[in-house]
Amino acid sequence: MNPIRVLLADDHHLVRTGFRVILEIEDDIEVVGEAADGERAVGMTRALRPDVVLMDVEMPGVDGLEATRRISAGEDEPGGPAVLMLTTFDRDDYLFAALRAGASGFLLKNGTPEALVDAIRVVARGDGLLAPELTRRVIATFARPGSQPGDDVTSEAALGSLTPREREVLVLVAGGASNAEIAASLHLGEATVKSHVSRVLAKLGLRDRVQAVVFAYEHGVVRPGG
């Protein structure tokens, strides 16, 4: 199999060097470039076509959030990379902004090298990822009455385009169910479930399951604890 091509975007040279050292010892990962700001990250993404962009949040000029929006919104060619956000700042506003910008994952820089490598592999294969402590915070935030993050208007048209089966699948995805668990619950084959998940993401304009979870909670499809 071809190695996972990774672009590093961080304004600290020592941080990029550390990430490179961690990643280049892995046989299935190749670091294809480094960017010191968001503008450069967007340009290098277009030129190098990596599989994953490891993106810092706070950078001079164009920050990581805006760079992620540009990459995910199609300023680059379709089928672009997954963006894995990293930050030293443990802030809810960064977390939700990163998810809305199109990030496929969000990790804190105080994690282990093993966690970083695993996260790159997860987002590279098309799955979304949040550190466990961040997942708990997402649910806790939605569980507080009147404290749902963001002020987006509910997309009734997008939700209305889902079939009853697709809506069932969305509810189960939001509950953290795997494809195998969804298949067992709905008495379907896993291949059929995978097709349903893909159609749900396409109809709602979402990149991966992480964004599907956030969308479902933000738009009242599911409620914490119920």
# chains A, B, ... in the order shown; residues from 1 in each chain; ligands from 1

call {"tool": "residues_around", "arguments": {"residues": "A:Leu84", "least_positions_apart": "6", "cutoff": "9 Å", "atoms": "only C-alpha atoms", "output": "PyMOL selection string"}}
result
chain A and resi 52-56+103-107+119-120+123+129

call {"tool": "write_last_selection", "arguments": {"atoms": "all heavy atoms", "output": "compact mmCIF listing (two decimals), in the first residue's frame"}}
result
# COMPACT_ATOMS: atom_id res chain seq x y z
N VAL A 52 -3.30 13.76 4.46
CA VAL A 52 -3.65 14.36 5.75
C VAL A 52 -2.85 15.64 5.93
O VAL A 52 -1.65 15.67 5.64
CB VAL A 52 -3.34 13.40 6.93
CG1 VAL A 52 -3.62 14.07 8.27
CG2 VAL A 52 -4.14 12.11 6.80
N VAL A 53 -3.52 16.69 6.40
CA VAL A 53 -2.82 17.91 6.82
C VAL A 53 -2.89 17.98 8.33
O VAL A 53 -3.98 17.99 8.91
CB VAL A 53 -3.46 19.18 6.21
CG1 VAL A 53 -2.70 20.42 6.70
CG2 VAL A 53 -3.45 19.11 4.70
N LEU A 54 -1.73 17.99 8.97
CA LEU A 54 -1.64 18.14 10.42
C LEU A 54 -1.57 19.63 10.69
O LEU A 54 -0.55 20.27 10.46
CB LEU A 54 -0.40 17.40 10.92
CG LEU A 54 -0.31 17.10 12.41
CD1 LEU A 54 -1.48 16.26 12.89
CD2 LEU A 54 1.01 16.39 12.72
N MET A 55 -2.67 20.21 11.17
CA MET A 55 -2.85 21.66 11.17
C MET A 55 -2.88 22.25 12.57
O MET A 55 -3.72 21.87 13.39
CB MET A 55 -4.17 22.00 10.45
CG MET A 55 -4.43 23.48 10.27
SD MET A 55 -3.58 24.16 8.84
CE MET A 55 -4.60 23.52 7.50
N ASP A 56 -1.98 23.21 12.83
CA ASP A 56 -2.03 23.97 14.07
C ASP A 56 -3.18 24.98 13.99
O ASP A 56 -3.55 25.42 12.90
CB ASP A 56 -0.71 24.71 14.26
CG ASP A 56 -0.60 25.36 15.64
OD1 ASP A 56 -1.29 24.92 16.58
OD2 ASP A 56 0.18 26.32 15.77
N ALA A 103 -12.66 20.10 9.84
CA ALA A 103 -11.63 19.21 10.35
C ALA A 103 -12.20 17.82 10.59
O ALA A 103 -13.35 17.65 11.00
CB ALA A 103 -11.04 19.76 11.66
N SER A 104 -11.40 16.81 10.29
CA SER A 104 -11.80 15.43 10.51
C SER A 104 -11.41 14.93 11.89
O SER A 104 -11.83 13.86 12.31
CB SER A 104 -11.18 14.52 9.45
OG SER A 104 -11.69 14.82 8.17
N GLY A 105 -10.59 15.69 12.58
CA GLY A 105 -10.16 15.30 13.91
C GLY A 105 -9.56 16.47 14.65
O GLY A 105 -9.17 17.48 14.05
N PHE A 106 -9.50 16.35 15.96
CA PHE A 106 -8.99 17.43 16.80
C PHE A 106 -8.29 16.80 17.99
O PHE A 106 -8.89 16.03 18.73
CB PHE A 106 -10.16 18.31 17.28
CG PHE A 106 -9.75 19.60 17.93
CD1 PHE A 106 -9.78 20.79 17.24
CD2 PHE A 106 -9.33 19.61 19.26
CE1 PHE A 106 -9.42 21.99 17.85
CE2 PHE A 106 -8.96 20.80 19.87
CZ PHE A 106 -9.00 21.99 19.16
N LEU A 107 -7.00 17.10 18.15
CA LEU A 107 -6.21 16.56 19.25
C LEU A 107 -5.46 17.68 19.97
O LEU A 107 -5.12 18.70 19.37
CB LEU A 107 -5.18 15.55 18.74
CG LEU A 107 -5.68 14.20 18.20
CD1 LEU A 107 -4.50 13.41 17.65
CD2 LEU A 107 -6.40 13.41 19.28
N ALA A 119 -4.08 8.68 15.18
CA ALA A 119 -5.05 9.66 14.68
C ALA A 119 -4.86 9.89 13.19
O ALA A 119 -5.84 10.00 12.44
CB ALA A 119 -4.91 10.97 15.44
N ILE A 120 -3.63 9.98 12.73
CA ILE A 120 -3.37 10.19 11.31
C ILE A 120 -3.90 9.01 10.51
O ILE A 120 -4.52 9.19 9.45
CB ILE A 120 -1.86 10.39 11.08
CG1 ILE A 120 -1.45 11.79 11.58
CG2 ILE A 120 -1.50 10.23 9.60
CD1 ILE A 120 0.03 12.04 11.55
N VAL A 123 -7.93 9.26 10.40
CA VAL A 123 -8.52 10.24 9.48
C VAL A 123 -8.13 9.95 8.03
O VAL A 123 -8.88 10.28 7.11
CB VAL A 123 -8.15 11.69 9.88
CG1 VAL A 123 -8.66 12.02 11.27
CG2 VAL A 123 -6.65 11.94 9.77
N LEU A 129 -12.26 11.70 14.09
CA LEU A 129 -11.65 11.37 15.37
C LEU A 129 -11.64 12.58 16.29
O LEU A 129 -11.31 13.68 15.89
CB LEU A 129 -10.22 10.88 15.15
CG LEU A 129 -9.39 10.56 16.40
CD1 LEU A 129 -8.56 9.31 16.18
CD2 LEU A 129 -8.49 11.73 16.76

call {"tool": "select_by_dssp", "arguments": {"residues": "stretch 20-123 of chain A", "states": "strand (DSSP E or B)", "output": "VMD selection string"}}
result
chain A and resid 29 to 35 52 to 56 82 to 87 105 to 108

call {"tool": "residues_around", "arguments": {"residues": "A:Thr163", "least_positions_apart": "6", "cutoff": "10 Å", "atoms": "only C-alpha atoms", "output": "list in words"}}
result
Val169, His196, Arg199 and Val200 of chain A

call {"tool": "residues_around", "arguments": {"residues": "A:Ser72", "least_positions_apart": "3", "cutoff": "12 Å", "atoms": "only C-alpha atoms", "output": "VMD selection string"}}
result
chain A and resid 42 45 to 46 52 to 53 64 to 69 75 to 84 98 to 104 205 to 208

call {"tool": "write_last_selection", "arguments": {"atoms": "N, CA and C atoms", "output": "compact mmCIF listing (two decimals), in the first residue's frame"}}
result
# COMPACT_ATOMS: atom_id res chain seq x y z
N VAL A 42 -2.43 26.04 2.62
CA VAL A 42 -3.42 25.90 1.56
C VAL A 42 -2.72 25.72 0.21
N THR A 45 -1.04 22.34 0.02
CA THR A 45 -2.05 21.29 -0.13
C THR A 45 -2.42 21.13 -1.60
N ARG A 46 -2.60 22.25 -2.27
CA ARG A 46 -2.95 22.23 -3.69
C ARG A 46 -1.82 21.61 -4.51
N VAL A 52 -3.30 13.76 4.46
CA VAL A 52 -3.65 14.36 5.75
C VAL A 52 -2.85 15.64 5.93
N VAL A 53 -3.52 16.69 6.40
CA VAL A 53 -2.82 17.91 6.82
C VAL A 53 -2.89 17.98 8.33
N GLY A 64 -5.06 28.39 11.32
CA GLY A 64 -5.41 27.03 10.95
C GLY A 64 -6.88 26.81 10.67
N LEU A 65 -7.74 27.55 11.37
CA LEU A 65 -9.17 27.40 11.16
C LEU A 65 -9.57 27.87 9.76
N GLU A 66 -9.08 29.04 9.37
CA GLU A 66 -9.40 29.57 8.04
C GLU A 66 -8.79 28.70 6.95
N ALA A 67 -7.56 28.24 7.18
CA ALA A 67 -6.93 27.35 6.20
C ALA A 67 -7.74 26.07 6.03
N THR A 68 -8.26 25.56 7.13
CA THR A 68 -9.07 24.34 7.06
C THR A 68 -10.36 24.60 6.29
N ARG A 69 -10.99 25.76 6.53
CA ARG A 69 -12.20 26.11 5.77
C ARG A 69 -11.91 26.13 4.27
N GLU A 75 -11.67 25.07 -2.21
CA GLU A 75 -10.74 25.96 -2.89
C GLU A 75 -9.62 25.15 -3.53
N ASP A 76 -9.41 23.97 -2.94
CA ASP A 76 -8.53 22.99 -3.58
C ASP A 76 -9.43 22.02 -4.34
N GLU A 77 -8.86 21.15 -5.13
CA GLU A 77 -9.64 20.23 -5.94
C GLU A 77 -10.41 19.27 -5.05
N PRO A 78 -11.57 18.76 -5.55
CA PRO A 78 -12.35 17.80 -4.78
C PRO A 78 -11.52 16.58 -4.40
N GLY A 79 -11.93 15.91 -3.34
CA GLY A 79 -11.20 14.75 -2.87
C GLY A 79 -9.94 15.14 -2.13
N GLY A 80 -9.97 16.31 -1.51
CA GLY A 80 -8.81 16.81 -0.80
C GLY A 80 -8.52 16.04 0.46
N PRO A 81 -7.53 16.48 1.21
CA PRO A 81 -7.06 15.73 2.36
C PRO A 81 -7.98 15.87 3.57
N ALA A 82 -7.81 14.94 4.49
CA ALA A 82 -8.41 15.11 5.81
C ALA A 82 -7.52 16.07 6.60
N VAL A 83 -8.16 16.90 7.42
CA VAL A 83 -7.41 17.85 8.25
C VAL A 83 -7.51 17.41 9.71
N LEU A 84 -6.36 17.21 10.32
CA LEU A 84 -6.29 16.87 11.74
C LEU A 84 -5.75 18.07 12.49
N ALA A 98 -13.21 24.30 14.78
CA ALA A 98 -12.46 23.35 13.95
C ALA A 98 -13.38 22.36 13.28
N LEU A 99 -14.35 21.86 14.03
CA LEU A 99 -15.29 20.89 13.46
C LEU A 99 -16.14 21.53 12.37
N ARG A 100 -16.60 22.77 12.61
CA ARG A 100 -17.40 23.45 11.59
C ARG A 100 -16.56 23.80 10.37
N ALA A 101 -15.28 24.05 10.57
CA ALA A 101 -14.42 24.40 9.45
C ALA A 101 -14.18 23.22 8.52
N GLY A 102 -14.45 22.01 9.01
CA GLY A 102 -14.28 20.82 8.18
C GLY A 102 -13.20 19.88 8.64
N ALA A 103 -12.66 20.10 9.84
CA ALA A 103 -11.63 19.21 10.35
C ALA A 103 -12.20 17.82 10.59
N SER A 104 -11.40 16.81 10.29
CA SER A 104 -11.80 15.43 10.51
C SER A 104 -11.41 14.93 11.89
N GLY A 205 -23.98 17.41 3.41
CA GLY A 205 -22.79 18.19 3.11
C GLY A 205 -21.71 18.06 4.17
N LEU A 206 -21.59 16.85 4.73
CA LEU A 206 -20.64 16.61 5.81
C LEU A 206 -19.49 15.74 5.32
N ARG A 207 -18.36 15.90 5.96
CA ARG A 207 -17.18 15.16 5.51
C ARG A 207 -17.08 13.78 6.13
N ASP A 208 -17.44 13.64 7.41
CA ASP A 208 -17.23 12.37 8.09
C ASP A 208 -18.17 12.22 9.27

call {"tool": "closest_residue", "arguments": {"among": "A:Leu172, A:Val21, A:Asn179, A:Leu7", "to": "A:Val213", "atoms": "only C-alpha atoms"}}
result
A:Leu172

call {"tool": "closest_residue", "arguments": {"among": "A:Leu159, A:Ala216, A:Lys203, A:Val193", "to": "A:Ala174", "atoms": "only C-alpha atoms"}}
result
A:Ala216

call {"tool": "residues_around", "arguments": {"residues": "A:Phe215", "least_positions_apart": "2", "cutoff": "10 Å", "atoms": "only C-alpha atoms", "output": "list in words"}}
result
Leu99, Arg100, Thr154, Ser155, Leu170, Ala174, Leu204, Leu206, Arg209, Val210, Gln211, Ala212, Val213, Tyr217, Glu218, His219, Gly220, Val221 and Val222 of chain A

call {"tool": "write_last_selection", "arguments": {"atoms": "C-alpha atoms", "output": "mmCIF file, in the first residue's frame"}}
result
data_model
loop_
_atom_site.group_PDB
_atom_site.id
_atom_site.type_symbol
_atom_site.label_atom_id
_atom_site.label_comp_id
_atom_site.auth_asym_id
_atom_site.auth_seq_id
_atom_site.Cartn_x
_atom_site.Cartn_y
_atom_site.Cartn_z
ATOM 1 C CA LEU A 99 -15.291 20.886 13.463
ATOM 2 C CA ARG A 100 -17.398 23.449 11.595
ATOM 3 C CA THR A 154 -31.353 24.438 11.006
ATOM 4 C CA SER A 155 -31.104 23.077 7.487
ATOM 5 C CA LEU A 170 -27.889 9.255 11.428
ATOM 6 C CA ALA A 174 -24.745 10.245 16.569
ATOM 7 C CA LEU A 204 -26.011 16.888 4.636
ATOM 8 C CA LEU A 206 -20.638 16.613 5.811
ATOM 9 C CA ARG A 209 -18.901 10.823 11.117
ATOM 10 C CA VAL A 210 -17.519 13.405 13.555
ATOM 11 C CA GLN A 211 -19.314 16.170 11.695
ATOM 12 C CA ALA A 212 -22.434 13.991 11.515
ATOM 13 C CA VAL A 213 -22.464 13.709 15.313
ATOM 14 C CA TYR A 217 -26.945 17.364 18.097
ATOM 15 C CA GLU A 218 -26.956 20.929 16.787
ATOM 16 C CA HIS A 219 -30.055 20.352 14.707
ATOM 17 C CA GLY A 220 -32.069 18.473 17.291
ATOM 18 C CA VAL A 221 -32.050 15.103 15.556
ATOM 19 C CA VAL A 222 -30.860 13.594 18.846
#

call {"tool": "select_by_dssp", "arguments": {"residues": "stretch 10-137 of chain A", "states": "helix (DSSP H, G or I)", "output": "ChimeraX atom specification"}}
result
/A:13-24,38-48,64-72,92-101,113-124,132-137

call {"tool": "closest_residue", "arguments": {"among": "A:Ala202, A:Val6, A:Ala157, A:Val173", "to": "A:Glu30", "atoms": "only C-alpha atoms"}}
result
A:Val6

call {"tool": "closest_residue", "arguments": {"among": "A:Arg16, A:Leu23, A:Glu39, A:Ala180", "to": "A:Arg121", "atoms": "only C-alpha atoms"}}
result
A:Leu23
